[in-house]
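Trainee: What follows is coords23.txt, made up of compact mmCIF, C-alpha atoms:
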```
# COMPACT_ATOMS: atom_id res chain seq x y z
CA MET A 1 0.00 0.00 0.00
CA PRO A 2 1.48 3.40 -0.96
CA GLU A 3 2.45 5.85 1.75
CA PRO A 4 -0.20 8.52 2.36
CA ASN A 5 0.47 11.64 0.32
CA PRO A 6 0.11 14.64 2.69
CA GLU A 7 -0.99 17.06 -0.04
CA MET A 8 -3.52 14.62 -1.48
CA MET A 9 -4.76 13.77 2.03
CA LYS A 10 -5.37 17.46 2.67
CA LYS A 11 -7.41 17.78 -0.55
CA LEU A 12 -9.47 14.71 0.21
CA LYS A 13 -10.22 15.83 3.75
CA GLY A 14 -11.27 19.21 2.38
CA PHE A 15 -13.79 17.49 0.14
CA LEU A 16 -15.21 15.69 3.19
CA THR A 17 -15.07 18.53 5.74
CA LEU A 18 -18.57 19.99 5.27
CA TRP A 19 -20.12 16.53 5.45
CA HIS A 20 -18.28 15.66 8.67
CA GLU A 21 -19.11 19.01 10.23
CA SER A 22 -22.79 18.58 9.39
CA ILE A 23 -22.81 15.13 11.00
CA ALA A 24 -21.37 16.62 14.17
CA SER A 25 -23.98 19.43 14.25
CA PRO A 26 -27.00 18.28 12.23
CA ALA A 27 -29.50 20.77 13.68
CA ALA A 28 -27.37 23.82 12.84
CA SER A 29 -26.50 22.39 9.44
CA GLN A 30 -30.12 21.69 8.55
CA GLN A 31 -31.15 25.25 9.48
CA LYS A 32 -28.42 26.59 7.20
CA VAL A 33 -29.49 24.29 4.35
CA LEU A 34 -33.11 25.37 4.72
CA GLU A 35 -32.15 29.03 4.47
CA SER A 36 -30.21 28.31 1.28
CA LEU A 37 -33.04 26.29 -0.27
CA LEU A 38 -35.60 29.00 0.52
CA LYS A 39 -33.55 31.56 -1.41
CA GLY A 40 -33.88 29.33 -4.44
CA TYR A 41 -37.56 28.60 -3.93
CA ALA A 42 -38.26 32.33 -3.64
CA GLN A 43 -37.14 32.71 -7.26
CA THR A 44 -39.88 30.35 -8.51
CA ALA A 45 -43.63 30.79 -8.86
CA TYR A 46 -44.17 27.72 -6.68
CA GLY A 47 -42.00 29.15 -3.92
CA ARG A 48 -43.67 32.55 -4.08
CA LEU A 49 -47.07 30.86 -3.82
CA TYR A 50 -46.06 29.54 -0.39
CA LYS A 51 -44.25 32.76 0.65
CA ALA A 52 -40.72 31.39 0.74
CA ASP A 53 -39.40 34.94 1.27
CA ASP A 54 -41.26 35.26 4.58
CA ILE A 55 -39.98 32.05 6.17
CA SER A 56 -37.24 32.12 8.79
CA SER A 57 -37.80 28.95 10.81
CA ILE A 58 -38.48 25.25 10.34
CA ASP A 59 -41.92 25.69 11.93
CA ASP A 60 -42.79 28.40 9.40
CA TYR A 61 -41.57 26.19 6.58
CA ARG A 62 -43.84 23.37 7.70
CA LYS A 63 -46.83 25.71 8.09
CA ASN A 64 -46.39 27.27 4.65
CA PHE A 65 -45.21 24.43 2.41
CA PRO A 66 -47.28 21.24 2.11
CA VAL A 67 -45.78 17.76 1.98
CA MET A 68 -46.00 16.61 -1.63
CA ASN A 69 -45.35 13.37 -3.50
CA TYR A 70 -44.64 12.91 -7.21
CA GLU A 71 -48.31 12.70 -8.14
CA SER A 72 -48.97 15.96 -6.28
CA TYR A 73 -46.13 17.65 -8.16
CA LEU A 74 -47.01 16.10 -11.52
CA PRO A 75 -49.24 18.95 -12.84
CA VAL A 76 -46.41 21.39 -12.08
CA ILE A 77 -43.78 19.11 -13.63
CA GLU A 78 -45.85 18.74 -16.80
CA ARG A 79 -46.01 22.53 -17.20
CA VAL A 80 -42.23 22.76 -16.70
CA MET A 81 -41.78 20.08 -19.38
CA GLN A 82 -43.83 22.29 -21.70
CA GLY A 83 -41.38 25.16 -21.15
CA ASP A 84 -42.74 26.98 -18.09
CA THR A 85 -39.39 26.61 -16.31
CA GLY A 86 -39.82 29.38 -13.73
CA LEU A 87 -42.87 27.72 -12.25
CA LEU A 88 -40.67 25.26 -10.31
CA LEU A 89 -37.03 25.91 -11.26
CA TYR A 90 -34.72 28.90 -10.87
CA GLU A 91 -32.30 27.44 -13.44
CA GLU A 92 -32.90 25.94 -16.85
CA PRO A 93 -32.81 22.12 -16.76
CA LEU A 94 -29.71 20.53 -18.30
CA GLY A 95 -31.76 17.42 -18.92
CA TRP A 96 -34.46 15.18 -17.52
CA ALA A 97 -33.96 12.01 -15.53
CA ILE A 98 -36.37 9.09 -15.68
CA THR A 99 -36.85 6.51 -12.97
CA ARG A 100 -36.19 2.80 -13.38
CA GLY A 101 -39.32 2.15 -11.31
CA THR A 102 -42.73 3.43 -12.23
CA THR A 103 -45.59 5.50 -10.88
CA LYS A 104 -48.90 4.03 -12.12
CA ASN A 105 -47.00 2.15 -14.85
CA LYS A 106 -45.26 5.30 -16.09
CA PRO A 107 -41.67 6.37 -15.37
CA LYS A 108 -41.27 9.53 -13.35
CA PHE A 109 -39.63 12.48 -15.10
CA ILE A 110 -37.37 14.60 -12.87
CA PRO A 111 -35.63 17.80 -14.08
CA MET A 112 -31.90 18.04 -13.36
CA THR A 113 -30.33 21.49 -13.10
CA LYS A 114 -26.71 22.64 -12.86
CA THR A 115 -26.94 23.08 -9.07
CA ASP A 116 -28.64 19.72 -8.63
CA ILE A 117 -26.08 17.85 -10.74
CA GLU A 118 -23.13 19.51 -8.98
CA MET A 119 -24.55 18.35 -5.64
CA ARG A 120 -24.51 14.74 -6.84
CA VAL A 121 -20.72 14.70 -6.64
CA CYS A 122 -21.32 13.93 -2.95
CA ALA A 123 -21.72 10.28 -4.01
CA GLY A 124 -17.92 10.25 -4.22
CA ARG A 125 -17.69 10.80 -0.47
CA ALA A 126 -18.03 7.08 0.20
CA MET A 127 -14.94 6.26 -1.84
CA LEU A 128 -12.92 9.27 -0.68
CA ASN A 129 -13.70 8.63 2.98
CA TYR A 130 -12.48 5.06 2.50
CA ILE A 131 -9.21 6.34 1.04
CA VAL A 132 -8.69 8.78 3.91
CA GLU A 133 -9.36 6.07 6.49
CA SER A 134 -7.21 3.41 4.83
CA GLY A 135 -4.54 5.63 3.29
CA ASP A 136 -4.73 3.44 0.19
CA PHE A 137 -4.00 5.93 -2.56
CA SER A 138 -3.36 3.14 -5.07
CA LEU A 139 -7.12 3.15 -5.63
CA LEU A 140 -6.77 6.52 -7.36
CA GLN A 141 -4.22 5.08 -9.79
CA GLY A 142 -6.81 2.72 -11.20
CA VAL A 143 -10.03 2.84 -13.18
CA ASN A 144 -13.66 2.95 -12.13
CA LEU A 145 -15.66 0.25 -13.92
CA ASN A 146 -18.68 2.26 -15.07
CA LEU A 147 -21.80 0.07 -14.95
CA ASN A 148 -24.27 2.93 -14.89
CA PHE A 149 -27.39 3.29 -16.98
CA PRO A 150 -27.54 5.37 -20.21
CA SER A 151 -27.73 9.13 -19.78
CA VAL A 152 -29.71 9.47 -23.01
CA VAL A 153 -32.84 7.44 -23.74
CA GLY A 154 -34.83 9.95 -25.78
CA LYS A 155 -35.73 13.60 -26.22
CA ILE A 156 -38.59 15.85 -25.16
CA GLN A 157 -39.68 19.22 -26.47
CA ALA A 158 -39.72 21.82 -23.67
CA GLY A 159 -41.14 24.98 -25.17
CA ASP A 160 -38.67 26.00 -27.87
CA ARG A 161 -35.92 23.76 -26.50
CA GLU A 162 -35.27 20.08 -27.18
CA LEU A 163 -33.87 18.31 -24.11
CA GLU A 164 -32.47 14.83 -23.66
CA TYR A 165 -33.76 12.49 -20.99
CA GLY A 166 -32.11 9.43 -19.49
CA TYR A 167 -31.21 7.82 -16.19
CA SER A 168 -29.90 9.94 -13.33
CA SER A 169 -26.82 7.77 -12.68
CA GLY A 170 -25.71 8.15 -16.30
CA ILE A 171 -26.42 11.89 -16.36
CA TYR A 172 -24.38 12.25 -13.16
CA VAL A 173 -21.39 10.44 -14.67
CA LYS A 174 -21.68 12.42 -17.90
CA TYR A 175 -21.52 15.83 -16.20
CA VAL A 176 -19.51 15.22 -13.05
CA SER A 177 -16.97 12.44 -13.65
CA THR A 178 -14.42 14.86 -15.10
CA GLY A 179 -14.30 16.56 -11.69
CA THR A 180 -13.46 13.41 -9.76
CA PRO A 181 -9.92 12.06 -9.20
CA ILE A 182 -10.50 8.68 -10.86
CA ARG A 183 -11.06 7.76 -14.50
CA SER A 184 -14.28 5.96 -15.48
CA LEU A 185 -14.51 3.37 -18.27
CA PRO A 186 -16.45 2.85 -20.43
CA SER A 187 -17.12 6.54 -20.91
CA GLN A 188 -20.72 7.59 -20.57
CA GLU A 189 -20.67 8.63 -24.22
CA ASP A 190 -19.73 5.07 -25.23
CA ILE A 191 -22.56 3.67 -23.10
CA ASP A 192 -25.03 6.14 -24.58
CA ALA A 193 -23.97 5.19 -28.11
CA LEU A 194 -25.39 1.70 -27.55
CA GLY A 195 -28.87 3.15 -27.08
CA GLY A 196 -31.34 3.26 -24.23
CA GLY A 197 -32.88 -0.21 -24.54
CA LYS A 198 -33.72 -2.28 -21.46
CA THR A 199 -33.77 -5.81 -22.91
CA LEU A 200 -31.39 -8.59 -21.86
CA LYS A 201 -29.55 -8.16 -25.17
CA ASP A 202 -29.10 -4.43 -24.50
CA TRP A 203 -27.52 -5.18 -21.16
CA GLU A 204 -25.31 -7.91 -22.60
CA ASN A 205 -24.02 -5.34 -25.09
CA ARG A 206 -23.27 -2.86 -22.29
CA PHE A 207 -21.56 -5.52 -20.19
CA GLU A 208 -19.45 -6.64 -23.13
CA LEU A 209 -18.48 -3.02 -23.81
CA ALA A 210 -17.39 -2.67 -20.17
CA TYR A 211 -15.37 -5.87 -20.33
CA GLN A 212 -13.62 -4.98 -23.57
CA LYS A 213 -12.83 -1.41 -22.45
CA CYS A 214 -11.49 -2.47 -19.06
CA ARG A 215 -9.93 -5.93 -19.47
CA GLN A 216 -6.43 -4.47 -19.92
CA GLU A 217 -6.95 -1.80 -17.26
CA ASN A 218 -6.24 -1.67 -13.53
CA VAL A 219 -9.82 -1.66 -12.23
CA THR A 220 -9.81 -0.69 -8.56
CA LEU A 221 -13.37 0.66 -8.15
CA VAL A 222 -16.79 -0.48 -9.32
CA GLY A 223 -19.60 2.08 -9.18
CA GLY A 224 -23.27 1.82 -10.06
CA VAL A 225 -26.33 -0.19 -9.14
CA ALA A 226 -26.02 -3.33 -7.00
CA PRO A 227 -28.19 -5.62 -9.19
CA THR A 228 -26.25 -4.52 -12.29
CA ALA A 229 -22.92 -5.28 -10.58
CA THR A 230 -24.06 -8.83 -9.84
CA LEU A 231 -25.39 -9.32 -13.38
CA PHE A 232 -22.07 -8.13 -14.79
CA GLY A 233 -20.27 -10.75 -12.72
CA ARG A 234 -22.54 -13.45 -14.13
CA HIS A 235 -22.02 -12.11 -17.65
CA MET A 236 -18.24 -12.39 -17.32
CA ARG A 237 -18.56 -15.94 -16.03
CA SER A 238 -20.93 -17.10 -18.75
CA ARG A 239 -19.28 -15.26 -21.66
CA HIS A 240 -15.60 -15.40 -20.70
CA GLY A 241 -15.34 -18.12 -18.06
CA ILE A 242 -13.93 -15.84 -15.37
CA TYR A 243 -15.21 -13.63 -12.58
CA PRO A 244 -14.16 -9.99 -12.11
CA LYS A 245 -11.91 -11.08 -9.21
CA ASP A 246 -9.91 -13.27 -11.63
CA LEU A 247 -9.07 -10.29 -13.83
CA TRP A 248 -8.83 -7.31 -11.48
CA ARG A 249 -7.97 -6.46 -7.89
CA VAL A 250 -11.00 -4.38 -7.03
CA ARG A 251 -10.63 -2.47 -3.72
CA ILE A 252 -14.11 -1.05 -3.27
CA LEU A 253 -17.65 -1.25 -4.61
CA THR A 254 -19.79 1.90 -4.30
CA LEU A 255 -23.31 0.77 -5.10
CA GLY A 256 -26.88 1.91 -4.66
CA SER A 257 -30.54 1.57 -5.70
CA VAL A 258 -31.73 -1.31 -3.49
CA PRO A 259 -31.95 -2.14 0.23
CA GLY A 260 -29.72 -4.89 1.60
CA ILE A 261 -26.51 -4.17 -0.31
CA ASN A 262 -24.40 -4.94 2.77
CA THR A 263 -26.48 -7.95 3.79
CA ARG A 264 -28.40 -9.79 1.05
CA TYR A 265 -26.13 -8.75 -1.82
CA ALA A 266 -22.78 -8.84 -0.02
CA PRO A 267 -22.07 -12.62 -0.24
CA THR A 268 -22.64 -12.69 -4.01
CA LEU A 269 -20.67 -9.50 -4.57
CA ARG A 270 -17.70 -10.91 -2.65
CA ASP A 271 -17.91 -14.19 -4.55
CA TYR A 272 -17.66 -12.25 -7.81
CA TYR A 273 -15.31 -9.37 -6.95
CA GLY A 274 -13.16 -10.70 -4.10
CA LYS A 275 -13.63 -11.63 -0.47
CA ASP A 276 -11.61 -8.64 0.80
CA ILE A 277 -13.39 -5.88 -1.10
CA ALA A 278 -14.88 -2.97 0.80
CA ILE A 279 -18.57 -2.42 0.08
CA ARG A 280 -19.91 1.10 0.47
CA GLU A 281 -23.61 1.84 0.01
CA ILE A 282 -24.82 4.98 -1.73
CA TYR A 283 -28.35 6.03 -0.80
CA GLY A 284 -29.95 8.06 -3.52
CA ALA A 285 -32.79 8.22 -6.00
CA THR A 286 -33.58 9.95 -9.26
CA GLU A 287 -34.31 13.05 -7.15
CA GLY A 288 -30.86 13.26 -5.52
CA MET A 289 -27.96 11.59 -3.70
CA PHE A 290 -28.97 11.74 -0.06
CA GLY A 291 -26.35 9.79 1.86
CA GLN A 292 -23.50 7.31 1.67
CA GLN A 293 -21.75 4.80 3.87
CA MET A 294 -19.03 6.42 5.94
CA ASP A 295 -17.17 3.46 7.42
CA GLU A 296 -17.43 -0.28 8.10
CA ARG A 297 -20.80 0.16 9.79
CA ARG A 298 -23.31 -1.14 7.29
CA ALA A 299 -25.58 1.89 7.02
CA TRP A 300 -25.48 5.25 5.29
CA VAL A 301 -25.00 8.71 6.77
CA PRO A 302 -27.09 11.65 5.46
CA ASN A 303 -25.70 14.60 3.53
CA TYR A 304 -26.98 17.04 6.13
CA ASP A 305 -24.98 19.83 4.50
CA LEU A 306 -26.80 19.56 1.15
CA PHE A 307 -30.41 18.46 1.65
CA PHE A 308 -33.14 19.14 4.22
CA PHE A 309 -34.48 15.93 5.77
CA GLU A 310 -37.75 15.26 7.58
CA VAL A 311 -39.51 12.01 8.34
CA ASP A 312 -43.15 11.12 8.84
CA THR A 313 -43.27 8.55 11.63
CA GLY A 314 -47.04 8.12 11.37
CA ARG A 315 -47.56 10.00 14.62
CA LYS A 316 -45.76 13.21 13.70
CA ILE A 317 -43.31 14.78 11.29
CA LYS A 318 -39.90 15.33 12.79
CA MET A 319 -36.38 16.02 11.61
CA LEU A 320 -34.45 12.99 10.41
CA HIS A 321 -31.67 13.65 12.89
CA GLU A 322 -34.24 13.58 15.73
CA MET A 323 -35.14 9.93 15.10
CA LYS A 324 -34.39 7.45 17.88
CA PRO A 325 -32.60 4.13 17.25
CA GLY A 326 -35.11 1.58 15.97
CA GLU A 327 -37.62 4.23 14.88
CA MET A 328 -39.01 4.06 11.34
CA GLY A 329 -40.75 6.53 9.08
CA SER A 330 -41.31 7.84 5.57
CA LEU A 331 -38.55 10.13 4.32
CA ILE A 332 -39.37 13.69 3.22
CA VAL A 333 -36.58 15.52 1.39
CA SER A 334 -36.17 19.12 0.30
CA THR A 335 -33.86 19.59 -2.69
CA PRO A 336 -33.05 22.55 -4.95
CA ILE A 337 -35.97 21.38 -7.11
CA PHE A 338 -38.56 19.92 -4.75
CA ALA A 339 -39.77 21.34 -1.43
CA ARG A 340 -40.95 18.81 1.17
CA TYR A 341 -41.03 15.89 -1.25
CA LYS A 342 -42.19 12.55 0.20
CA ILE A 343 -39.94 10.24 -1.73
CA GLY A 344 -41.75 7.00 -0.87
CA ASP A 345 -38.97 5.26 1.10
CA THR A 346 -39.19 3.82 4.61
CA ILE A 347 -36.16 4.72 6.73
CA ARG A 348 -34.93 2.97 9.87
CA ALA A 349 -32.74 4.82 12.34
CA PHE A 350 -29.77 3.29 14.12
CA LYS A 351 -27.36 4.91 16.53
CA PRO A 352 -26.73 8.43 15.15
CA PRO A 353 -25.77 9.23 12.48
CA TYR A 354 -26.59 5.90 10.81
CA PHE A 355 -29.70 5.01 8.78
CA ARG A 356 -30.96 2.41 6.38
CA CYS A 357 -33.60 2.54 3.69
CA ILE A 358 -35.47 -0.71 4.28
CA GLY A 359 -37.84 -0.50 1.29
CA ARG A 360 -40.71 1.39 -0.23
CA ASP A 361 -43.56 2.80 1.86
CA ARG A 362 -45.70 -0.32 2.14
CA TRP A 363 -47.39 -1.78 5.22
CA TRP A 364 -45.40 -4.99 4.85
CA THR A 365 -41.96 -3.36 4.48
CA PRO A 366 -41.03 -3.54 8.21
CA LEU A 367 -42.11 -7.20 8.28
CA SER A 368 -40.12 -8.01 5.16
CA TYR A 369 -37.08 -6.22 6.57
CA ALA A 370 -37.33 -8.10 9.88
CA TRP A 371 -37.56 -11.43 8.06
CA THR A 372 -34.56 -10.62 5.84
CA GLU A 373 -32.51 -9.63 8.88
CA PHE A 374 -33.45 -12.90 10.60
CA ALA A 375 -32.83 -15.06 7.54
CA SER A 376 -29.40 -13.50 6.97
CA LEU A 377 -28.55 -13.74 10.70
CA ASN A 378 -27.82 -10.03 10.61
CA LEU A 379 -30.44 -9.24 13.28
CA GLY A 380 -30.24 -5.48 12.92
CA ARG A 381 -26.49 -5.24 13.47
CA LEU A 382 -24.40 -2.52 11.92
```
Would you write the structure of this file as structure tokens?

Mentor:
Amino acid sequence: MPEPNPEMMKKLKGFLTLWHESIASPAASQQKVLESLLKGYAQTAYGRLYKADDISSIDDYRKNFPVMNYESYLPVIERVMQGDTGLLLYEEPLGWAITRGTTKNKPKFIPMTKTDIEMRVCAGRAMLNYIVESGDFSLLQGVNLNLNFPSVVGKIQAGDRELEYGYSSGIYVKYVSTGTPIRSLPSQEDIDALGGGKTLKDWENRFELAYQKCRQENVTLVGGVAPTATLFGRHMRSRHGIYPKDLWRVRILTLGSVPGINTRYAPTLRDYYGKDIAIREIYGATEGMFGQQMDERRAWVPNYDLFFFEVDTGRKIKMLHEMKPGEMGSLIVSTPIFARYKIGDTIRAFKPPYFRCIGRDRWWTPLSYAWTEFASLNLGRL
């Protein structure tokens, strides 16, 4: 393992400082974030409708702005898609992200602005925190195996502008990867060139592209979606007779999109990529990157310095950082685009500052989570 580079260590710690400070003082950080978000909302018709300029406290924010879900926002989103940008946004959208899941059998369309996309670089905190803790700078000398979804699937007409739409993970890589200290292959442009199809053949083509682009490279990091990472391992075995661990020495997997990455998925991931790999969960959605795993404890830590977090426990709405260990609730996020957006995820709190998303907001989700924890002999441990 290379000796820690003092100058590089200083840069990496600087990238993590605001996150660490917000974890230490979540209440103060959340107040600061709210003030920043309100300045943006006040520049939109939606924000002015709820008097964003007159709000100075969390209580006022809750009194003025209603909790909304995607269906509640949909009439506003549709008008923005038709070109009425200022109704909801204070910046022009760079593109539109679609969800892999569906709302009433239709994908959700989420606008992505410059500010929003720049905030998504926080997903890199999981990897960079690992480097700072381990001092393993050799990771930065390698390549990130890019298994993300296409950033371009189609185009929509927004007023007099034609905008591309695709998957948020691909859009993130397309706009932000040049600002990160590690090279990603295949490039997002190469992935996009294969088209936006979702069939098995489409994914086999993407996996083969990734293999061919990276087989002679020093792959040290794998980033993307947990199910896709497992499918890629199976593809390599069936097509080439080897697993990723036979070709590369991967140090860390930074993966998201599903619950149970560190429990249900971990055995398979280690079988494919190596028993000693570090697994770091990214918690995000099409609407934003909300947290990432900070250390060996198998739960993510919120980006309190970027987003405003509330939770509906069923009895009351409280701040996320006010949750007690073992408490569950439905997450409500405020982003540069959406105010008080109920994202549809059930969150379980552990010892601060650790949380898990245990599934979608369904009555059976806590039961399913409890059974999975029992079956995996994890029993709620971090």

Trainee: Could you give me, as a ChimeraX atom specification, the residues within 8 Å of stretch 328-331 of chain A, counting all atoms listed in the file and dropping anything in the same chain fewer than 2 positions from it?

Mentor: /A:309-314,320,323,326,333,342-349,361

Trainee: Give the answer as one residue: which of A:Arg183, A:Arg237, A:Arg270, A:Lys10 has the shortest atom-to-atom distance to A:Cys214, using all atoms listed in the file?

Mentor: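 Under the stated criterion, the closest residue is A:Arg183.
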
Trainee: Between atom CA of A:Gly256 and atom CA of A:Val121, what is the distance, to one decimal in Å?

Mentor: 14.3 Å

Trainee: What lies within 8 Å of A:Arg125 using all atoms listed in the file, ignoring chain neighbours under 5 positions off, as a PyMOL selection string?

Mentor: chain A and resi 15-16+292+294

Trainee: With distances taken over all atoms listed in the file, which of A:Arg362, A:Arg251, A:Arg340, A:Arg120 is nearest to A:Leu140?

Mentor: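 Nearest candidate to A:Leu140 out of A:Arg362, A:Arg251, A:Arg340, A:Arg120: A:Arg251.
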
Trainee: Which residue, A:Asn144, A:Ser168, A:Ser25, A:Asn129, has the smallest gap to A:Leu94 when you use only C-alpha atoms?

Mentor: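 Nearest to A:Leu94: A:Ser168.
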
Trainee: Nearest to A:Phe338 among A:Ile277, A:Phe308, A:Gly14, A:Val143, with distances taken over only C-alpha atoms: which residue is it?

Mentor: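 When distances to A:Phe338 are compared using only C-alpha atoms, the smallest one comes from A:Phe308.
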
Trainee: I'd like the neighbourhood of A:Lys114 as an NGL selection string, where a residue qualifies if any of its atoms comes within 12 Å (using all atoms listed in the file), though same-chain residues fewer than 2 positions away should be ignored.

Mentor: :A and (89-96 or 111-112 or 116-121 or 171-172 or 175-176 or 336-337)

Trainee: Pick from A:Leu209, A:Ala158, A:Met9, A:Ile317: nearest to A:Ile332, with all atoms listed in the file counted?

Mentor: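 Closest to A:Ile332, using all atoms listed in the file: A:Ile317.
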
Trainee: Between atom CA of A:Leu253 and atom CA of A:Leu12, measure the distance and give it in Å to one decimal.

Mentor: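 For atom CA of A:Leu253 relative to atom CA of A:Leu12, the distance reads 18.6 Å.
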
Trainee: Can you work out which one of A:Lys32, A:Arg381, A:Arg249, A:Lys275 has the shortest atom-to-atom distance to A:Arg298, counting only C-alpha atoms?

Mentor: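 That would be A:Arg381, the residue with the smallest distance to A:Arg298.
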
Trainee: So that I can check the surroundings of A:Leu194, please list as number ranges by chain every protein, DNA and RNA residue that reaches within 9 Å of it, counting all atoms listed in the file and ignoring chain neighbours fewer than 6 positions away.

Mentor: A: 150, 202, 205-206

Trainee: Would you work out the distance separating atom CA of A:Glu217 from atom CA of A:Leu247, expressed in Å to one decimal?

Mentor: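 Between these atoms lies a distance of 9.4 Å.
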
Trainee: Which polymer residues have any atom within 10 Å of an atom of A:Glu296, counting all atoms listed in the file, with same-chain residues fewer than 4 positions away left out, as number ranges by chain?

Mentor: A: 130, 262, 278-280, 382
